[in-house]
Amino acid sequence: MSQTMPAQLETAQELSPLAIDSDTPVNPLMAEKQQRLLTEPLYSNPSLFGDRPFLAASNVAVFYAVQQSPVVPDMFLSLGVNVPQNWPSKKNRTYLIWEVGKPPDVAIEIASSRIGPHLERRLQDYANIRISYYVLYDPLQKFSCSPLRVFELRGNTYTEIQTNWLEAIGLGLTIWNEAFEDKVGPWLRWCDRLGALVPTVAERAEQERLRAEQEFQRAEQEFQRAEQERRLAEQERLRAEREHQRAEQERLRAEQEHQRAEQERLRAEQEHQRAEQEHKRAEQAEAKAALLAEMLRLRGMDPDSDF
C-alpha cells in the first residue's frame with residue numbers, strides 16, 4: 001500500500017472516488033452502545049487532555065490515500081486536531097488524514113467475523129496508516145484468549161503490550177462489568193492511571209448529585225453540631241446563671257448573717273454599756289449614801305434613825 005499523502009484535495013472530481021457516505025446499517029445494538037460509551041465520556045470530560053482539541057468518533061471512515069480503501073474502526077481518538085465547522089463540505093464529512101494533518105492516535109475495534117480471523121491483515125492496515133495504538137476488544141473471546149488486546153506502533157509494525165495504559169495519550173482502558181443504560185457489561189471503558197473510570201454525563205450527574213447530597217448531609221451535620229453546641233452553651237449559660245444566683249443568694253445570706261451578727265454585737269455592746277452605767281449609778285448611789293452617813297455621824301446623829 002502506498003503511504004504517499006496528497007497535500008490537499010480541493011475539487012469534487014478529486015474527492016469523488018472516496019466512498020464517504022454510506023446508508024448501510026452495520027452496527028449491532030451492543031456495538032452501538034459500546035461505541036457511545038467510548039466517545040461520549042471523552043466529550044463529557046474535555047479537561048482530560050488539557051487545552052488540546054481532539055476528535056473522538058465512531059464508525060467513521062479514515063482515509064489516508066485517494067486510491068486506497070479506508071479503515072473504519074468502531075471508535076477512534078485523535079488528539080491535537082481541530083474539527084472543521086463546515087460539515088456539509090464533502091471533505092469534512094469523514095477523516096481525511098491529508099486534510100486533518102495527522103492520523104488518529106487510537107483505533108478501537110470490537111471483534112467480529114470480519115476482524116477476528118484477519119487480525120494480522122488488520123494490524124498491517126492500521127500500521128500503514130501510522131495509528132499509534134490499535135485495540136481489539138473481544139468481550140465474548142470468540143477470536144482471542146483475552147477479551148482485551150492492546151497493540152502499540154513501534155517502527156512500522158505493532159507490538160502487543162501487556163498493559164492497558166496508553167502512555168502517549170495519558171489514558172487507559174479497562175473492562176467494566178456494571179450496567180450501562182440498563183444493560184450489564186462487560187463494557188470497555190476509558191480510565192485514568194489508577195483505574196478510575198472516565199465518567200459519562202449520567203455518571204457525572206449522579207456524582208454531582210451524590211456530592212450535593214453529601215454536602216447537604218455535611219451541612220446538616222454541621223447545623224446539628226452547631227445546634228448542639230448552641231444548646232450546650234445555653235445550658236452552660238443557664239448553669240452559670242444559676243451558680244451566679246446561688247452565689248448571690250449565699251452572699252446575701254452571708255451579708256444578712258453579718259448584719260445579724262453586727263446587730264448582736266451592737267446589742268451586746270449596748271447591754272454592756274447599760275450594765276456599766278447601772279454599775280456606775282450604783283457606785284454613785286453607794287458613795288452618796290456613805291457621804292450622807294458620814295455627815296450625820298459628824299453631826300452626832302444616828303444615820304439609821306428616822307429624823
# chains A, B, ... in the order shown; residues from 1 in each chain; ligands from 1

call {"tool": "residues_around", "arguments": {"residues": "range 199-201 of chain A", "least_positions_apart": "2", "cutoff": "6 Å", "atoms": "only C-alpha atoms", "output": "short mmCIF file (atom, residue, chain, number, x, y, z; two decimals) with N, CA and C atoms, in the first residue's frame"}}
result
data_model
loop_
_atom_site.label_atom_id
_atom_site.label_comp_id
_atom_site.auth_asym_id
_atom_site.auth_seq_id
_atom_site.Cartn_x
_atom_site.Cartn_y
_atom_site.Cartn_z
N PRO A 41 -18.04 9.86 27.00
CA PRO A 41 -17.32 10.32 28.20
C PRO A 41 -16.15 11.26 27.89
N SER A 44 -17.63 14.54 27.60
CA SER A 44 -18.18 14.95 28.90
C SER A 44 -17.08 15.40 29.86
N LEU A 197 -12.72 5.27 36.43
CA LEU A 197 -13.39 5.42 35.15
C LEU A 197 -13.53 6.89 34.75
N GLU A 203 -23.23 9.58 34.71
CA GLU A 203 -22.43 9.29 35.90
C GLU A 203 -21.94 10.57 36.56
N ARG A 204 -21.54 11.56 35.73
CA ARG A 204 -21.13 12.85 36.30
C ARG A 204 -22.29 13.50 37.04
#

call {"tool": "select_by_dssp", "arguments": {"residues": "range 52-184 of chain A", "states": "strand (DSSP E or B)", "output": "PDB file with N, CA and C atoms, in the first residue's frame"}}
result
ATOM      1  N   PHE A  54      -9.527  17.754  20.333  1.00  0.00           N
ATOM      2  CA  PHE A  54      -9.484  16.336  19.978  1.00  0.00           C
ATOM      3  C   PHE A  54     -10.745  15.984  19.202  1.00  0.00           C
ATOM      4  N   LEU A  55     -10.685  14.831  18.569  1.00  0.00           N
ATOM      5  CA  LEU A  55     -11.842  14.288  17.866  1.00  0.00           C
ATOM      6  C   LEU A  55     -11.983  12.835  18.275  1.00  0.00           C
ATOM      7  N   ALA A  56     -13.157  12.491  18.784  1.00  0.00           N
ATOM      8  CA  ALA A  56     -13.493  11.103  19.088  1.00  0.00           C
ATOM      9  C   ALA A  56     -14.718  10.758  18.257  1.00  0.00           C
ATOM     10  N   ALA A  57     -14.647   9.692  17.491  1.00  0.00           N
ATOM     11  CA  ALA A  57     -15.741   9.363  16.574  1.00  0.00           C
ATOM     12  C   ALA A  57     -15.924   7.857  16.502  1.00  0.00           C
ATOM     13  N   SER A  58     -17.136   7.468  16.109  1.00  0.00           N
ATOM     14  CA  SER A  58     -17.470   6.052  15.986  1.00  0.00           C
ATOM     15  C   SER A  58     -17.914   5.734  14.567  1.00  0.00           C
ATOM     16  N   VAL A  62     -11.606   6.343   7.919  1.00  0.00           N
ATOM     17  CA  VAL A  62     -10.342   7.068   7.974  1.00  0.00           C
ATOM     18  C   VAL A  62      -9.609   6.802   6.661  1.00  0.00           C
ATOM     19  N   PHE A  63      -9.443   7.861   5.844  1.00  0.00           N
ATOM     20  CA  PHE A  63      -8.756   7.748   4.552  1.00  0.00           C
ATOM     21  C   PHE A  63      -7.330   8.266   4.682  1.00  0.00           C
ATOM     22  N   VAL A  71     -10.013   2.601   6.415  1.00  0.00           N
ATOM     23  CA  VAL A  71     -10.340   1.728   7.545  1.00  0.00           C
ATOM     24  C   VAL A  71     -11.481   2.390   8.295  1.00  0.00           C
ATOM     25  N   MET A  75     -14.262   2.818  16.842  1.00  0.00           N
ATOM     26  CA  MET A  75     -14.077   4.106  17.502  1.00  0.00           C
ATOM     27  C   MET A  75     -12.640   4.527  17.301  1.00  0.00           C
ATOM     28  N   PHE A  76     -12.429   5.825  17.097  1.00  0.00           N
ATOM     29  CA  PHE A  76     -11.051   6.304  17.069  1.00  0.00           C
ATOM     30  C   PHE A  76     -10.960   7.617  17.839  1.00  0.00           C
ATOM     31  N   LEU A  77      -9.736   7.922  18.290  1.00  0.00           N
ATOM     32  CA  LEU A  77      -9.448   9.150  19.029  1.00  0.00           C
ATOM     33  C   LEU A  77      -8.231   9.804  18.391  1.00  0.00           C
ATOM     34  N   SER A  78      -8.375  11.089  18.101  1.00  0.00           N
ATOM     35  CA  SER A  78      -7.264  11.847  17.510  1.00  0.00           C
ATOM     36  C   SER A  78      -7.068  13.116  18.319  1.00  0.00           C
ATOM     37  N   LEU A  79      -5.859  13.292  18.854  1.00  0.00           N
ATOM     38  CA  LEU A  79      -5.550  14.452  19.682  1.00  0.00           C
ATOM     39  C   LEU A  79      -4.898  15.548  18.867  1.00  0.00           C
ATOM     40  N   TYR A  95     -12.822  11.387   7.867  1.00  0.00           N
ATOM     41  CA  TYR A  95     -11.484  11.712   8.363  1.00  0.00           C
ATOM     42  C   TYR A  95     -10.489  11.502   7.238  1.00  0.00           C
ATOM     43  N   LEU A  96     -10.140  12.605   6.574  1.00  0.00           N
ATOM     44  CA  LEU A  96      -9.110  12.582   5.532  1.00  0.00           C
ATOM     45  C   LEU A  96      -7.805  13.027   6.181  1.00  0.00           C
ATOM     46  N   VAL A 106      -5.541   6.577  18.408  1.00  0.00           N
ATOM     47  CA  VAL A 106      -6.037   5.283  18.880  1.00  0.00           C
ATOM     48  C   VAL A 106      -7.168   4.830  17.971  1.00  0.00           C
ATOM     49  N   ALA A 107      -7.146   3.554  17.620  1.00  0.00           N
ATOM     50  CA  ALA A 107      -8.264   2.928  16.909  1.00  0.00           C
ATOM     51  C   ALA A 107      -8.706   1.718  17.726  1.00  0.00           C
ATOM     52  N   ILE A 108     -10.011   1.631  17.964  1.00  0.00           N
ATOM     53  CA  ILE A 108     -10.555   0.519  18.747  1.00  0.00           C
ATOM     54  C   ILE A 108     -11.553  -0.225  17.882  1.00  0.00           C
ATOM     55  N   GLU A 109     -11.411  -1.532  17.836  1.00  0.00           N
ATOM     56  CA  GLU A 109     -12.354  -2.365  17.097  1.00  0.00           C
ATOM     57  C   GLU A 109     -12.905  -3.442  18.008  1.00  0.00           C
ATOM     58  N   ILE A 110     -14.200  -3.693  17.829  1.00  0.00           N
ATOM     59  CA  ILE A 110     -14.880  -4.759  18.561  1.00  0.00           C
ATOM     60  C   ILE A 110     -14.835  -6.006  17.694  1.00  0.00           C
ATOM     61  N   TYR A 133      -1.944   3.430  18.449  1.00  0.00           N
ATOM     62  CA  TYR A 133      -2.438   2.279  19.215  1.00  0.00           C
ATOM     63  C   TYR A 133      -3.605   1.632  18.472  1.00  0.00           C
ATOM     64  N   TYR A 134      -3.567   0.323  18.411  1.00  0.00           N
ATOM     65  CA  TYR A 134      -4.689  -0.452  17.894  1.00  0.00           C
ATOM     66  C   TYR A 134      -5.184  -1.336  19.033  1.00  0.00           C
ATOM     67  N   VAL A 135      -6.483  -1.256  19.310  1.00  0.00           N
ATOM     68  CA  VAL A 135      -7.078  -2.005  20.421  1.00  0.00           C
ATOM     69  C   VAL A 135      -8.137  -2.936  19.866  1.00  0.00           C
ATOM     70  N   LEU A 136      -8.042  -4.199  20.223  1.00  0.00           N
ATOM     71  CA  LEU A 136      -9.051  -5.186  19.847  1.00  0.00           C
ATOM     72  C   LEU A 136      -9.797  -5.615  21.106  1.00  0.00           C
ATOM     73  N   TYR A 137     -11.103  -5.372  21.091  1.00  0.00           N
ATOM     74  CA  TYR A 137     -11.949  -5.756  22.228  1.00  0.00           C
ATOM     75  C   TYR A 137     -12.809  -6.939  21.804  1.00  0.00           C
ATOM     76  N   LEU A 148      -9.307  -8.315  25.906  1.00  0.00           N
ATOM     77  CA  LEU A 148      -8.767  -7.007  25.549  1.00  0.00           C
ATOM     78  C   LEU A 148      -7.298  -7.155  25.160  1.00  0.00           C
ATOM     79  N   ARG A 149      -6.984  -6.714  23.953  1.00  0.00           N
ATOM     80  CA  ARG A 149      -5.598  -6.759  23.485  1.00  0.00           C
ATOM     81  C   ARG A 149      -5.219  -5.370  22.979  1.00  0.00           C
ATOM     82  N   VAL A 150      -4.057  -4.886  23.393  1.00  0.00           N
ATOM     83  CA  VAL A 150      -3.599  -3.544  23.041  1.00  0.00           C
ATOM     84  C   VAL A 150      -2.280  -3.674  22.284  1.00  0.00           C
ATOM     85  N   PHE A 151      -2.208  -3.000  21.132  1.00  0.00           N
ATOM     86  CA  PHE A 151      -1.017  -3.038  20.295  1.00  0.00           C
ATOM     87  C   PHE A 151      -0.484  -1.619  20.151  1.00  0.00           C
ATOM     88  N   GLU A 152       0.831  -1.474  20.277  1.00  0.00           N
ATOM     89  CA  GLU A 152       1.477  -0.166  20.149  1.00  0.00           C
ATOM     90  C   GLU A 152       2.371  -0.174  18.909  1.00  0.00           C
ATOM     91  N   LEU A 153       2.285   0.909  18.123  1.00  0.00           N
ATOM     92  CA  LEU A 153       3.096   1.000  16.917  1.00  0.00           C
ATOM     93  C   LEU A 153       4.542   1.321  17.284  1.00  0.00           C
ATOM     94  N   ARG A 154       5.429   0.432  16.928  1.00  0.00           N
ATOM     95  CA  ARG A 154       6.863   0.617  17.162  1.00  0.00           C
ATOM     96  C   ARG A 154       7.565   0.400  15.828  1.00  0.00           C
ATOM     97  N   THR A 157       5.641  -1.630  12.631  1.00  0.00           N
ATOM     98  CA  THR A 157       4.760  -2.741  13.000  1.00  0.00           C
ATOM     99  C   THR A 157       4.229  -2.545  14.418  1.00  0.00           C
ATOM    100  N   TYR A 158       3.187  -3.296  14.694  1.00  0.00           N
ATOM    101  CA  TYR A 158       2.587  -3.250  16.019  1.00  0.00           C
ATOM    102  C   TYR A 158       3.210  -4.310  16.923  1.00  0.00           C
ATOM    103  N   THR A 159       3.384  -3.920  18.199  1.00  0.00           N
ATOM    104  CA  THR A 159       3.828  -4.849  19.233  1.00  0.00           C
ATOM    105  C   THR A 159       2.747  -4.911  20.302  1.00  0.00           C
ATOM    106  N   GLU A 160       2.297  -6.107  20.627  1.00  0.00           N
ATOM    107  CA  GLU A 160       1.281  -6.224  21.682  1.00  0.00           C
ATOM    108  C   GLU A 160       1.928  -5.905  23.024  1.00  0.00           C
ATOM    109  N   ILE A 161       1.294  -5.026  23.788  1.00  0.00           N
ATOM    110  CA  ILE A 161       1.836  -4.628  25.084  1.00  0.00           C
ATOM    111  C   ILE A 161       0.996  -5.259  26.196  1.00  0.00           C
ATOM    112  N   TRP A 165      -2.576   0.712  29.689  1.00  0.00           N
ATOM    113  CA  TRP A 165      -2.323   2.149  29.811  1.00  0.00           C
ATOM    114  C   TRP A 165      -1.670   2.645  28.528  1.00  0.00           C
ATOM    115  N   LEU A 166      -2.310   3.652  27.896  1.00  0.00           N
ATOM    116  CA  LEU A 166      -1.803   4.214  26.643  1.00  0.00           C
ATOM    117  C   LEU A 166      -1.031   5.477  26.979  1.00  0.00           C
ATOM    118  N   LEU A 171      -4.233   8.052  28.870  1.00  0.00           N
ATOM    119  CA  LEU A 171      -5.465   7.373  29.268  1.00  0.00           C
ATOM    120  C   LEU A 171      -5.247   5.869  29.238  1.00  0.00           C
ATOM    121  N   GLY A 172      -6.096   5.164  29.977  1.00  0.00           N
ATOM    122  CA  GLY A 172      -6.043   3.718  29.954  1.00  0.00           C
ATOM    123  C   GLY A 172      -7.400   3.148  29.593  1.00  0.00           C
ATOM    124  N   LEU A 173      -7.453   1.843  29.444  1.00  0.00           N
ATOM    125  CA  LEU A 173      -8.698   1.133  29.145  1.00  0.00           C
ATOM    126  C   LEU A 173      -8.910   0.053  30.183  1.00  0.00           C
ATOM    127  N   THR A 174     -10.161  -0.190  30.518  1.00  0.00           N
ATOM    128  CA  THR A 174     -10.472  -1.227  31.497  1.00  0.00           C
ATOM    129  C   THR A 174     -11.800  -1.856  31.136  1.00  0.00           C
ATOM    130  N   ILE A 175     -12.010  -3.068  31.591  1.00  0.00           N
ATOM    131  CA  ILE A 175     -13.281  -3.773  31.365  1.00  0.00           C
ATOM    132  C   ILE A 175     -14.161  -3.571  32.595  1.00  0.00           C
ATOM    133  N   TRP A 176     -15.365  -3.134  32.346  1.00  0.00           N
ATOM    134  CA  TRP A 176     -16.310  -2.741  33.395  1.00  0.00           C
ATOM    135  C   TRP A 176     -17.529  -3.651  33.316  1.00  0.00           C
ATOM    136  N   ALA A 179     -23.758  -1.954  34.832  1.00  0.00           N
ATOM    137  CA  ALA A 179     -24.814  -1.692  33.857  1.00  0.00           C
ATOM    138  C   ALA A 179     -24.639  -0.334  33.194  1.00  0.00           C
ATOM    139  N   PHE A 180     -24.764  -0.311  31.882  1.00  0.00           N
ATOM    140  CA  PHE A 180     -24.809   0.927  31.108  1.00  0.00           C
ATOM    141  C   PHE A 180     -26.128   0.934  30.354  1.00  0.00           C
ATOM    142  N   LYS A 183     -28.087  -2.166  30.675  1.00  0.00           N
ATOM    143  CA  LYS A 183     -27.516  -3.394  30.129  1.00  0.00           C
ATOM    144  C   LYS A 183     -26.197  -3.680  30.832  1.00  0.00           C
ATOM    145  N   VAL A 184     -26.141  -4.851  31.478  1.00  0.00           N
ATOM    146  CA  VAL A 184     -24.949  -5.228  32.233  1.00  0.00           C
ATOM    147  C   VAL A 184     -23.847  -5.651  31.268  1.00  0.00           C
TER     148      VAL A 184
END

call {"tool": "atom_distance", "arguments": {"atom1": "CA of Tyr64 in chain A", "atom2": "CA of Gln85 in chain A"}}
result
20.9 Å

call {"tool": "atom_distance", "arguments": {"atom1": "CA of Ala219 in chain A", "atom2": "CA of Gln235 in chain A"}}
result
23.6 Å

call {"tool": "closest_residue", "arguments": {"among": "A:Asn59, A:Lys33, A:Lys288, A:Gln245", "to": "Asp182 in chain A", "atoms": "only C-alpha atoms"}}
result
A:Lys33

call {"tool": "residues_around", "arguments": {"residues": "Arg52 in chain A", "least_positions_apart": "5", "cutoff": "12 Å", "atoms": "only C-alpha atoms", "output": "list in words"}}
result
Pro46, Ser47, Ser78, Leu79, Gly80, Val81, Asn82 and Ile169 of chain A

call {"tool": "write_last_selection", "arguments": {"atoms": "N, CA and C atoms", "output": "compact mmCIF listing (two decimals), in the first residue's frame"}}
result
# COMPACT_ATOMS: atom_id res chain seq x y z
N PRO A 46 -13.81 17.08 28.87
CA PRO A 46 -12.81 17.62 27.93
C PRO A 46 -11.50 18.00 28.58
N SER A 47 -11.48 18.21 29.88
CA SER A 47 -10.24 18.59 30.56
C SER A 47 -9.25 17.43 30.64
N SER A 78 -8.38 11.09 18.10
CA SER A 78 -7.26 11.85 17.51
C SER A 78 -7.07 13.12 18.32
N LEU A 79 -5.86 13.29 18.85
CA LEU A 79 -5.55 14.45 19.68
C LEU A 79 -4.90 15.55 18.87
N GLY A 80 -5.13 16.79 19.31
CA GLY A 80 -4.47 17.93 18.69
C GLY A 80 -5.01 18.28 17.32
N VAL A 81 -6.25 17.93 17.05
CA VAL A 81 -6.84 18.25 15.74
C VAL A 81 -8.05 19.16 15.94
N ASN A 82 -8.27 20.05 15.01
CA ASN A 82 -9.43 20.93 15.03
C ASN A 82 -10.45 20.43 14.03
N ILE A 169 -1.25 9.00 25.14
CA ILE A 169 -2.44 9.86 25.24
C ILE A 169 -2.85 10.11 26.68

call {"tool": "select_by_dssp", "arguments": {"residues": "range 42-247 of chain A", "states": "helix (DSSP H, G or I)", "output": "JSON, numbers by chain"}}
result
{"A": [42, 43, 44, 46, 47, 48, 49, 90, 91, 92, 97, 98, 99, 100, 116, 117, 118, 119, 120, 121, 122, 123, 124, 125, 126, 127, 128, 129, 201, 202, 203, 204, 205, 206, 207, 208, 209, 210, 211, 212, 213, 214, 215, 216, 217, 218, 219, 220, 221, 222, 223, 224, 225, 226, 227, 228, 229, 230, 231, 232, 233, 234, 235, 236, 237, 238, 239, 240, 241, 242, 243, 244, 245, 246, 247]}

call {"tool": "write_last_selection", "arguments": {"atoms": "C-alpha atoms", "output": "mmCIF file, in the first residue's frame"}}
result
data_model
loop_
_atom_site.group_PDB
_atom_site.id
_atom_site.type_symbol
_atom_site.label_atom_id
_atom_site.label_comp_id
_atom_site.auth_asym_id
_atom_site.auth_seq_id
_atom_site.Cartn_x
_atom_site.Cartn_y
_atom_site.Cartn_z
ATOM 1 C CA LEU A 42 -14.415 11.998 26.382
ATOM 2 C CA TYR A 43 -16.645 14.920 25.419
ATOM 3 C CA SER A 44 -18.180 14.951 28.896
ATOM 4 C CA PRO A 46 -12.814 17.624 27.926
ATOM 5 C CA SER A 47 -10.238 18.595 30.555
ATOM 6 C CA LEU A 48 -8.747 15.097 30.208
ATOM 7 C CA PHE A 49 -6.448 16.499 27.513
ATOM 8 C CA LYS A 90 -17.652 16.525 1.383
ATOM 9 C CA LYS A 91 -14.056 16.669 2.524
ATOM 10 C CA ASN A 92 -15.250 17.379 6.076
ATOM 11 C CA ILE A 97 -5.634 12.408 7.041
ATOM 12 C CA TRP A 98 -4.192 14.874 4.490
ATOM 13 C CA GLU A 99 -6.913 17.374 5.445
ATOM 14 C CA VAL A 100 -6.757 16.866 9.197
ATOM 15 C CA GLY A 116 -11.185 -11.823 14.202
ATOM 16 C CA PRO A 117 -9.799 -14.236 11.573
ATOM 17 C CA HIS A 118 -7.906 -11.438 9.792
ATOM 18 C CA LEU A 119 -6.183 -9.734 12.705
ATOM 19 C CA GLU A 120 -2.733 -9.771 11.123
ATOM 20 C CA ARG A 121 -4.026 -8.048 7.987
ATOM 21 C CA ARG A 122 -5.926 -5.527 10.122
ATOM 22 C CA LEU A 123 -2.769 -4.768 12.088
ATOM 23 C CA GLN A 124 -0.849 -4.187 8.862
ATOM 24 C CA ASP A 125 -3.555 -1.861 7.527
ATOM 25 C CA TYR A 126 -3.545 0.245 10.675
ATOM 26 C CA ALA A 127 0.257 0.227 10.858
ATOM 27 C CA ASN A 128 0.356 1.598 7.294
ATOM 28 C CA ILE A 129 -1.871 4.468 8.458
ATOM 29 C CA VAL A 201 -22.749 12.521 31.518
ATOM 30 C CA ALA A 202 -25.187 10.448 33.570
ATOM 31 C CA GLU A 203 -22.427 9.293 35.900
ATOM 32 C CA ARG A 204 -21.129 12.852 36.302
ATOM 33 C CA ALA A 205 -24.676 13.979 37.110
ATOM 34 C CA GLU A 206 -25.004 11.160 39.618
ATOM 35 C CA GLN A 207 -21.619 12.017 41.114
ATOM 36 C CA GLU A 208 -22.711 15.644 41.339
ATOM 37 C CA ARG A 209 -25.992 14.581 42.939
ATOM 38 C CA LEU A 210 -24.156 12.413 45.439
ATOM 39 C CA ARG A 211 -21.665 15.203 46.082
ATOM 40 C CA ALA A 212 -24.507 17.681 46.601
ATOM 41 C CA GLU A 213 -26.253 15.184 48.857
ATOM 42 C CA GLN A 214 -23.061 14.657 50.817
ATOM 43 C CA GLU A 215 -22.623 18.425 51.051
ATOM 44 C CA PHE A 216 -26.211 18.725 52.240
ATOM 45 C CA GLN A 217 -25.670 15.961 54.796
ATOM 46 C CA ARG A 218 -22.405 17.577 55.876
ATOM 47 C CA ALA A 219 -24.147 20.941 56.187
ATOM 48 C CA GLU A 220 -26.981 19.283 58.084
ATOM 49 C CA GLN A 221 -24.471 17.615 60.383
ATOM 50 C CA GLU A 222 -22.711 20.953 60.847
ATOM 51 C CA PHE A 223 -26.058 22.564 61.610
ATOM 52 C CA GLN A 224 -26.915 19.802 64.091
ATOM 53 C CA ARG A 225 -23.471 20.104 65.645
ATOM 54 C CA ALA A 226 -23.801 23.885 65.852
ATOM 55 C CA GLU A 227 -27.295 23.494 67.292
ATOM 56 C CA GLN A 228 -25.982 21.012 69.843
ATOM 57 C CA GLU A 229 -23.135 23.399 70.651
ATOM 58 C CA ARG A 230 -25.662 26.211 70.998
ATOM 59 C CA ARG A 231 -27.815 24.099 73.303
ATOM 60 C CA LEU A 232 -24.795 23.106 75.342
ATOM 61 C CA ALA A 233 -23.719 26.732 75.527
ATOM 62 C CA GLU A 234 -27.240 27.722 76.568
ATOM 63 C CA GLN A 235 -27.251 25.002 79.204
ATOM 64 C CA GLU A 236 -23.858 26.199 80.383
ATOM 65 C CA ARG A 237 -25.110 29.788 80.455
ATOM 66 C CA LEU A 238 -28.168 28.755 82.470
ATOM 67 C CA ARG A 239 -25.980 26.684 84.787
ATOM 68 C CA ALA A 240 -23.591 29.614 85.212
ATOM 69 C CA GLU A 241 -26.563 31.902 85.806
ATOM 70 C CA ARG A 242 -27.927 29.517 88.443
ATOM 71 C CA GLU A 243 -24.488 29.342 90.002
ATOM 72 C CA HIS A 244 -24.353 33.134 89.980
ATOM 73 C CA GLN A 245 -27.802 33.341 91.549
ATOM 74 C CA ARG A 246 -26.821 30.744 94.141
ATOM 75 C CA ALA A 247 -23.606 32.625 94.854
#

call {"tool": "atom_distance", "arguments": {"atom1": "CA of Gln34 in chain A", "atom2": "CA of Pro139 in chain A"}}
result
10.9 Å

call {"tool": "closest_residue", "arguments": {"among": "A:Ile131, A:Val83, A:Val60, A:Ala111", "to": "Ser146 in chain A", "atoms": "only C-alpha atoms"}}
result
A:Ala111
